[in-house]
>>> print(open('input-v4.cif').read())   # mmCIF, N, CA, C and O atoms
data_structure
#
loop_
_atom_site.label_atom_id
_atom_site.label_comp_id
_atom_site.auth_asym_id
_atom_site.auth_seq_id
_atom_site.Cartn_x
_atom_site.Cartn_y
_atom_site.Cartn_z
N MET L 1 1.48 8.34 9.81
CA MET L 1 2.52 8.61 10.77
C MET L 1 2.84 10.09 10.71
O MET L 1 2.97 10.65 9.63
N GLY L 2 2.99 10.70 11.85
CA GLY L 2 3.28 12.12 11.90
C GLY L 2 4.76 12.41 11.76
O GLY L 2 5.60 11.53 11.72
N ASP L 3 5.08 13.70 11.67
CA ASP L 3 6.47 14.12 11.62
C ASP L 3 7.01 14.21 13.03
O ASP L 3 6.28 14.52 13.97
N GLY L 4 8.27 13.97 13.19
CA GLY L 4 8.88 14.10 14.49
C GLY L 4 10.27 13.51 14.52
O GLY L 4 10.58 12.58 13.77
N ARG L 5 11.05 14.05 15.38
CA ARG L 5 12.44 13.62 15.52
C ARG L 5 12.56 12.30 16.27
O ARG L 5 13.54 11.59 16.13
N TYR L 6 11.56 11.99 17.10
CA TYR L 6 11.59 10.78 17.93
C TYR L 6 10.51 9.82 17.46
O TYR L 6 9.38 10.21 17.26
N ARG L 7 10.89 8.54 17.30
CA ARG L 7 9.97 7.55 16.77
C ARG L 7 9.86 6.36 17.73
O ARG L 7 10.86 5.85 18.22
N LEU L 8 8.64 5.92 17.97
CA LEU L 8 8.39 4.69 18.71
C LEU L 8 7.88 3.65 17.73
O LEU L 8 7.07 3.96 16.86
N THR L 9 8.36 2.42 17.88
CA THR L 9 7.83 1.33 17.09
C THR L 9 7.52 0.15 17.99
O THR L 9 8.25 -0.14 18.93
N LEU L 10 6.41 -0.48 17.71
CA LEU L 10 6.01 -1.72 18.37
C LEU L 10 6.12 -2.81 17.32
O LEU L 10 5.46 -2.75 16.28
N THR L 11 7.01 -3.76 17.56
CA THR L 11 7.18 -4.88 16.63
C THR L 11 6.90 -6.18 17.36
O THR L 11 6.95 -6.26 18.58
N THR L 12 6.58 -7.20 16.56
CA THR L 12 6.33 -8.53 17.10
C THR L 12 7.16 -9.54 16.31
O THR L 12 8.13 -9.17 15.67
N THR L 13 6.75 -10.77 16.33
CA THR L 13 7.47 -11.85 15.67
C THR L 13 7.96 -11.46 14.28
O THR L 13 7.24 -10.80 13.53
N ALA L 14 9.18 -11.84 13.98
CA ALA L 14 9.81 -11.57 12.68
C ALA L 14 9.93 -10.08 12.39
O ALA L 14 9.88 -9.65 11.24
N SER L 15 10.05 -9.28 13.45
CA SER L 15 10.23 -7.83 13.32
C SER L 15 9.10 -7.15 12.55
O SER L 15 9.30 -6.14 11.88
N ARG L 16 7.91 -7.69 12.63
CA ARG L 16 6.74 -7.10 11.97
C ARG L 16 6.29 -5.87 12.76
O ARG L 16 5.98 -5.97 13.93
N THR L 17 6.26 -4.71 12.11
CA THR L 17 5.82 -3.48 12.76
C THR L 17 4.30 -3.50 12.89
O THR L 17 3.59 -3.64 11.90
N VAL L 18 3.84 -3.40 14.12
CA VAL L 18 2.41 -3.40 14.41
C VAL L 18 1.91 -1.96 14.53
O VAL L 18 0.81 -1.63 14.12
N MET L 19 2.75 -1.10 15.09
CA MET L 19 2.33 0.26 15.36
C MET L 19 3.57 1.14 15.43
O MET L 19 4.63 0.69 15.84
N ASP L 20 3.42 2.40 15.02
CA ASP L 20 4.50 3.36 15.22
C ASP L 20 3.93 4.75 15.39
O ASP L 20 2.77 5.00 15.09
N GLY L 21 4.75 5.62 15.94
CA GLY L 21 4.34 7.00 16.15
C GLY L 21 5.57 7.88 16.24
O GLY L 21 6.67 7.40 16.53
N ARG L 22 5.38 9.15 15.97
CA ARG L 22 6.50 10.11 16.01
C ARG L 22 6.10 11.34 16.81
O ARG L 22 4.96 11.80 16.74
N TRP L 23 7.09 11.86 17.52
CA TRP L 23 6.92 13.07 18.32
C TRP L 23 8.13 13.96 18.16
O TRP L 23 9.24 13.48 17.99
N SER L 24 7.92 15.25 18.26
CA SER L 24 9.01 16.21 18.15
C SER L 24 9.69 16.47 19.49
O SER L 24 10.80 16.99 19.53
N ASN L 25 9.06 16.07 20.57
CA ASN L 25 9.57 16.34 21.91
C ASN L 25 10.00 15.04 22.59
O ASN L 25 9.22 14.09 22.68
N LEU L 26 11.25 15.01 23.09
CA LEU L 26 11.78 13.80 23.72
C LEU L 26 11.00 13.43 24.98
O LEU L 26 10.72 12.25 25.21
N THR L 27 10.62 14.40 25.78
CA THR L 27 9.87 14.11 27.01
C THR L 27 8.56 13.41 26.68
O THR L 27 8.19 12.43 27.33
N THR L 28 7.87 13.87 25.68
CA THR L 28 6.62 13.24 25.25
C THR L 28 6.88 11.83 24.74
O THR L 28 6.17 10.89 25.09
N ALA L 29 7.91 11.67 23.92
CA ALA L 29 8.23 10.36 23.36
C ALA L 29 8.59 9.36 24.47
O ALA L 29 8.16 8.21 24.43
N GLU L 30 9.33 9.80 25.49
CA GLU L 30 9.67 8.92 26.60
C GLU L 30 8.44 8.54 27.42
O GLU L 30 8.31 7.41 27.87
N ARG L 31 7.53 9.49 27.60
CA ARG L 31 6.29 9.20 28.31
C ARG L 31 5.46 8.16 27.54
O ARG L 31 4.93 7.21 28.10
N LYS L 32 5.39 8.32 26.22
CA LYS L 32 4.68 7.36 25.38
C LYS L 32 5.36 5.99 25.42
O LYS L 32 4.70 4.96 25.43
N PHE L 33 6.69 5.98 25.44
CA PHE L 33 7.45 4.73 25.54
C PHE L 33 7.01 3.94 26.77
O PHE L 33 6.66 2.77 26.68
N ARG L 34 6.97 4.60 27.92
CA ARG L 34 6.54 3.93 29.16
C ARG L 34 5.07 3.50 29.07
O ARG L 34 4.70 2.42 29.51
N SER L 35 4.25 4.34 28.47
CA SER L 35 2.83 4.02 28.32
C SER L 35 2.64 2.80 27.43
O SER L 35 1.81 1.93 27.73
N TRP L 36 3.38 2.73 26.33
CA TRP L 36 3.27 1.59 25.43
C TRP L 36 3.70 0.31 26.12
O TRP L 36 3.11 -0.74 25.88
N ILE L 37 4.72 0.37 26.96
CA ILE L 37 5.13 -0.82 27.69
C ILE L 37 3.97 -1.32 28.55
O ILE L 37 3.64 -2.50 28.54
N GLY L 38 3.31 -0.41 29.25
CA GLY L 38 2.16 -0.78 30.07
C GLY L 38 1.01 -1.33 29.26
O GLY L 38 0.33 -2.26 29.68
N SER L 39 0.81 -0.79 28.09
CA SER L 39 -0.34 -1.18 27.27
C SER L 39 -0.11 -2.42 26.41
O SER L 39 -1.05 -3.17 26.15
N TYR L 40 1.12 -2.64 25.95
CA TYR L 40 1.36 -3.67 24.95
C TYR L 40 2.34 -4.77 25.37
O TYR L 40 2.62 -5.67 24.58
N SER L 41 2.83 -4.74 26.59
CA SER L 41 3.83 -5.72 27.01
C SER L 41 3.28 -7.15 27.07
O SER L 41 4.05 -8.11 27.05
N ALA L 42 1.97 -7.32 27.10
CA ALA L 42 1.38 -8.66 27.14
C ALA L 42 1.33 -9.32 25.76
O ALA L 42 1.06 -10.51 25.66
N ILE L 43 1.61 -8.57 24.71
CA ILE L 43 1.61 -9.15 23.37
C ILE L 43 2.83 -10.06 23.24
O ILE L 43 3.97 -9.63 23.51
N PRO L 44 2.62 -11.31 22.83
CA PRO L 44 3.75 -12.22 22.67
C PRO L 44 4.80 -11.65 21.70
O PRO L 44 4.45 -11.12 20.65
N SER L 45 6.05 -11.73 22.08
CA SER L 45 7.18 -11.26 21.26
C SER L 45 7.19 -9.76 21.03
O SER L 45 7.85 -9.27 20.10
N ALA L 46 6.48 -9.00 21.85
CA ALA L 46 6.45 -7.55 21.66
C ALA L 46 7.82 -6.95 21.95
O ALA L 46 8.54 -7.37 22.85
N ARG L 47 8.18 -5.95 21.15
CA ARG L 47 9.39 -5.16 21.37
C ARG L 47 9.03 -3.72 21.06
O ARG L 47 8.47 -3.42 19.99
N ILE L 48 9.36 -2.83 21.98
CA ILE L 48 9.06 -1.41 21.83
C ILE L 48 10.40 -0.67 21.81
O ILE L 48 11.24 -0.87 22.69
N ALA L 49 10.59 0.16 20.80
CA ALA L 49 11.86 0.87 20.65
C ALA L 49 11.62 2.36 20.44
O ALA L 49 10.69 2.76 19.73
N LEU L 50 12.47 3.15 21.08
CA LEU L 50 12.47 4.60 20.92
C LEU L 50 13.75 4.97 20.18
O LEU L 50 14.85 4.58 20.59
N ALA L 51 13.60 5.70 19.07
CA ALA L 51 14.75 6.09 18.25
C ALA L 51 14.70 7.58 17.96
O ALA L 51 13.64 8.20 17.98
N GLU L 52 15.88 8.13 17.68
CA GLU L 52 16.01 9.55 17.35
C GLU L 52 16.55 9.68 15.93
O GLU L 52 17.47 8.96 15.54
N GLN L 53 15.97 10.61 15.17
CA GLN L 53 16.42 10.83 13.80
C GLN L 53 17.47 11.93 13.77
O GLN L 53 17.26 13.03 14.30
N ALA L 54 18.59 11.66 13.14
CA ALA L 54 19.67 12.63 12.99
C ALA L 54 19.42 13.51 11.78
O ALA L 54 18.52 13.24 10.97
N ALA L 55 20.23 14.54 11.64
CA ALA L 55 20.09 15.47 10.52
C ALA L 55 20.23 14.78 9.17
O ALA L 55 19.64 15.21 8.17
N ASP L 56 21.00 13.69 9.12
CA ASP L 56 21.19 12.96 7.86
C ASP L 56 20.10 11.91 7.61
O ASP L 56 20.22 11.07 6.73
N ALA L 57 19.04 11.96 8.41
CA ALA L 57 17.86 11.09 8.28
C ALA L 57 18.08 9.66 8.75
O ALA L 57 17.23 8.81 8.56
N THR L 58 19.21 9.37 9.39
CA THR L 58 19.42 8.04 9.96
C THR L 58 18.79 8.00 11.36
O THR L 58 18.64 9.02 12.02
N TRP L 59 18.42 6.79 11.77
CA TRP L 59 17.79 6.60 13.07
C TRP L 59 18.76 5.90 14.02
O TRP L 59 19.41 4.93 13.65
N THR L 60 18.81 6.40 15.27
CA THR L 60 19.62 5.80 16.32
C THR L 60 18.69 5.39 17.45
O THR L 60 17.94 6.21 17.97
N GLU L 61 18.74 4.10 17.82
CA GLU L 61 17.89 3.62 18.90
C GLU L 61 18.41 4.14 20.23
O GLU L 61 19.57 4.00 20.57
N LEU L 62 17.51 4.77 20.99
CA LEU L 62 17.86 5.31 22.30
C LEU L 62 17.60 4.32 23.42
O LEU L 62 18.36 4.23 24.38
N LYS L 63 16.50 3.61 23.32
CA LYS L 63 16.16 2.59 24.31
C LYS L 63 15.14 1.64 23.72
O LYS L 63 14.46 1.96 22.75
N ALA L 64 15.09 0.45 24.34
CA ALA L 64 14.16 -0.57 23.86
C ALA L 64 13.69 -1.41 25.04
O ALA L 64 14.39 -1.54 26.04
N TRP L 65 12.50 -1.94 24.90
CA TRP L 65 11.95 -2.87 25.87
C TRP L 65 11.56 -4.13 25.12
O TRP L 65 10.96 -4.02 24.04
N PRO L 66 11.88 -5.29 25.55
CA PRO L 66 12.51 -5.65 26.82
C PRO L 66 14.03 -5.69 26.77
O PRO L 66 14.67 -5.96 27.77
N ASP L 67 14.64 -5.39 25.62
CA ASP L 67 16.09 -5.55 25.47
C ASP L 67 16.93 -4.59 26.27
O ASP L 67 18.02 -4.91 26.69
N GLY L 68 16.44 -3.39 26.44
CA GLY L 68 17.28 -2.36 27.07
C GLY L 68 16.55 -1.65 28.18
O GLY L 68 15.66 -2.16 28.82
N GLU L 69 16.94 -0.43 28.35
CA GLU L 69 16.44 0.42 29.43
C GLU L 69 14.98 0.76 29.20
O GLU L 69 14.55 1.05 28.09
N ALA L 70 14.21 0.73 30.26
CA ALA L 70 12.79 1.11 30.18
C ALA L 70 12.52 2.28 31.09
O ALA L 70 13.27 2.62 31.94
#
>>> encode(input="input-v4.cif", output="structure tokens")
Amino acid sequence: MGDGRYRLTLTTTASRTVMDGRWSNLTTAERKFRSWIGSYSAIPSARIALAEQAADATWTELKAWPDGEA
């Protein structure tokens, strides 16, 4: 996993992380978020989340699919 302020995670049943990635640029991370929805939305129980890391190293979810804004 690379370094970056923005993190995407693809999880499935029981919150199992299948894939993740990090980007330093929000525009890139949002583009990847939409791309992952197109590529992985057919996976049963798929959930894709975009989060931002704060200075104190905590993560705040910005958006999620299918739960939130896409």
>>> residues_around(input="input-v4.cif", residues="Pro44 of chain L", least_positions_apart="6", cutoff="8 Å", atoms="all atoms listed in the file", output="compact mmCIF listing (two decimals) with N, CA, C and O atoms, in the coordinates of the input")
# COMPACT_ATOMS: atom_id res chain seq x y z
N THR L 11 7.01 -3.76 17.56
CA THR L 11 7.18 -4.88 16.63
C THR L 11 6.90 -6.18 17.36
O THR L 11 6.95 -6.26 18.58
N THR L 12 6.58 -7.20 16.56
CA THR L 12 6.33 -8.53 17.10
C THR L 12 7.16 -9.54 16.31
O THR L 12 8.13 -9.17 15.67
N THR L 13 6.75 -10.77 16.33
CA THR L 13 7.47 -11.85 15.67
C THR L 13 7.96 -11.46 14.28
O THR L 13 7.24 -10.80 13.53
>>> closest_residue(input="input-v4.cif", among="L:Val18, L:Arg31, L:Glu52, L:Ser45", to="Pro66 of chain L", atoms="all atoms listed in the file")
L:Ser45
>>> residues_around(input="input-v4.cif", residues="Ile37 of chain L", least_positions_apart="6", cutoff="9 Å", atoms="only C-alpha atoms", output="VMD selection string")
chain L and resid 47 to 48 65 to 66 70
>>> closest_residue(input="input-v4.cif", among="L:Arg16, L:Arg7, L:Arg22, L:Arg34", to="Leu62 of chain L", atoms="only N, CA, C and O atoms")
L:Arg7
>>> atom_distance(input="input-v4.cif", atom1="atom O of Ile43 of chain L", atom2="atom N of Leu26 of chain L")
25.7 Å
>>> atom_distance(input="input-v4.cif", atom1="atom O of Lys63 of chain L", atom2="atom O of Thr9 of chain L")
7.6 Å
>>> select_by_dssp(input="input-v4.cif", residues="chain L", states="helix (DSSP H, G or I)", output="VMD selection string")
chain L and resid 13 to 15 26 to 40
>>> select_by_dssp(input="input-v4.cif", residues="chain L", states="strand (DSSP E or B)", output="compact mmCIF listing (two decimals) with N, CA, C and O atoms, in the coordinates of the input")
# COMPACT_ATOMS: atom_id res chain seq x y z
N TYR L 6 11.56 11.99 17.10
CA TYR L 6 11.59 10.78 17.93
C TYR L 6 10.51 9.82 17.46
O TYR L 6 9.38 10.21 17.26
N ARG L 7 10.89 8.54 17.30
CA ARG L 7 9.97 7.55 16.77
C ARG L 7 9.86 6.36 17.73
O ARG L 7 10.86 5.85 18.22
N LEU L 8 8.64 5.92 17.97
CA LEU L 8 8.39 4.69 18.71
C LEU L 8 7.88 3.65 17.73
O LEU L 8 7.07 3.96 16.86
N THR L 9 8.36 2.42 17.88
CA THR L 9 7.83 1.33 17.09
C THR L 9 7.52 0.15 17.99
O THR L 9 8.25 -0.14 18.93
N LEU L 10 6.41 -0.48 17.71
CA LEU L 10 6.01 -1.72 18.37
C LEU L 10 6.12 -2.81 17.32
O LEU L 10 5.46 -2.75 16.28
N THR L 11 7.01 -3.76 17.56
CA THR L 11 7.18 -4.88 16.63
C THR L 11 6.90 -6.18 17.36
O THR L 11 6.95 -6.26 18.58
N THR L 12 6.58 -7.20 16.56
CA THR L 12 6.33 -8.53 17.10
C THR L 12 7.16 -9.54 16.31
O THR L 12 8.13 -9.17 15.67
N ARG L 16 7.91 -7.69 12.63
CA ARG L 16 6.74 -7.10 11.97
C ARG L 16 6.29 -5.87 12.76
O ARG L 16 5.98 -5.97 13.93
N THR L 17 6.26 -4.71 12.11
CA THR L 17 5.82 -3.48 12.76
C THR L 17 4.30 -3.50 12.89
O THR L 17 3.59 -3.64 11.90
N VAL L 18 3.84 -3.40 14.12
CA VAL L 18 2.41 -3.40 14.41
C VAL L 18 1.91 -1.96 14.53
O VAL L 18 0.81 -1.63 14.12
N MET L 19 2.75 -1.10 15.09
CA MET L 19 2.33 0.26 15.36
C MET L 19 3.57 1.14 15.43
O MET L 19 4.63 0.69 15.84
N ASP L 20 3.42 2.40 15.02
CA ASP L 20 4.50 3.36 15.22
C ASP L 20 3.93 4.75 15.39
O ASP L 20 2.77 5.00 15.09
N GLY L 21 4.75 5.62 15.94
CA GLY L 21 4.34 7.00 16.15
C GLY L 21 5.57 7.88 16.24
O GLY L 21 6.67 7.40 16.53
N ARG L 22 5.38 9.15 15.97
CA ARG L 22 6.50 10.11 16.01
C ARG L 22 6.10 11.34 16.81
O ARG L 22 4.96 11.80 16.74
N TRP L 23 7.09 11.86 17.52
CA TRP L 23 6.92 13.07 18.32
C TRP L 23 8.13 13.96 18.16
O TRP L 23 9.24 13.48 17.99
N ARG L 47 8.18 -5.95 21.15
CA ARG L 47 9.39 -5.16 21.37
C ARG L 47 9.03 -3.72 21.06
O ARG L 47 8.47 -3.42 19.99
N ILE L 48 9.36 -2.83 21.98
CA ILE L 48 9.06 -1.41 21.83
C ILE L 48 10.40 -0.67 21.81
O ILE L 48 11.24 -0.87 22.69
N ALA L 49 10.59 0.16 20.80
CA ALA L 49 11.86 0.87 20.65
C ALA L 49 11.62 2.36 20.44
O ALA L 49 10.69 2.76 19.73
N LEU L 50 12.47 3.15 21.08
CA LEU L 50 12.47 4.60 20.92
C LEU L 50 13.75 4.97 20.18
O LEU L 50 14.85 4.58 20.59
N ALA L 51 13.60 5.70 19.07
CA ALA L 51 14.75 6.09 18.25
C ALA L 51 14.70 7.58 17.96
O ALA L 51 13.64 8.20 17.98
N GLU L 52 15.88 8.13 17.68
CA GLU L 52 16.01 9.55 17.35
C GLU L 52 16.55 9.68 15.93
O GLU L 52 17.47 8.96 15.54
N GLN L 53 15.97 10.61 15.17
CA GLN L 53 16.42 10.83 13.80
C GLN L 53 17.47 11.93 13.77
O GLN L 53 17.26 13.03 14.30
N TRP L 59 18.42 6.79 11.77
CA TRP L 59 17.79 6.60 13.07
C TRP L 59 18.76 5.90 14.02
O TRP L 59 19.41 4.93 13.65
N THR L 60 18.81 6.40 15.27
CA THR L 60 19.62 5.80 16.32
C THR L 60 18.69 5.39 17.45
O THR L 60 17.94 6.21 17.97
N GLU L 61 18.74 4.10 17.82
CA GLU L 61 17.89 3.62 18.90
C GLU L 61 18.41 4.14 20.23
O GLU L 61 19.57 4.00 20.57
N LEU L 62 17.51 4.77 20.99
CA LEU L 62 17.86 5.31 22.30
C LEU L 62 17.60 4.32 23.42
O LEU L 62 18.36 4.23 24.38
N LYS L 63 16.50 3.61 23.32
CA LYS L 63 16.16 2.59 24.31
C LYS L 63 15.14 1.64 23.72
O LYS L 63 14.46 1.96 22.75
N ALA L 64 15.09 0.45 24.34
CA ALA L 64 14.16 -0.57 23.86
C ALA L 64 13.69 -1.41 25.04
O ALA L 64 14.39 -1.54 26.04
N TRP L 65 12.50 -1.94 24.90
CA TRP L 65 11.95 -2.87 25.87
C TRP L 65 11.56 -4.13 25.12
O TRP L 65 10.96 -4.02 24.04
>>> atom_distance(input="input-v4.cif", atom1="atom C of Ala64 of chain L", atom2="atom CA of Thr27 of chain L")
16.1 Å
>>> closest_residue(input="input-v4.cif", among="L:Tyr6, L:Phe33, L:Tyr40, L:Trp59", to="Gly21 of chain L", atoms="only N, CA, C and O atoms")
L:Tyr6
>>> axis_aligned_box(input="input-v4.cif", around="segment 30-42 of chain L", padding_each_side="8 Å", output="lines of an AutoDock Vina configuration file")
center_x = 4.3
center_y = -0.4
center_z = 27.3
size_x = 26.7
size_y = 36.3
size_z = 21.5
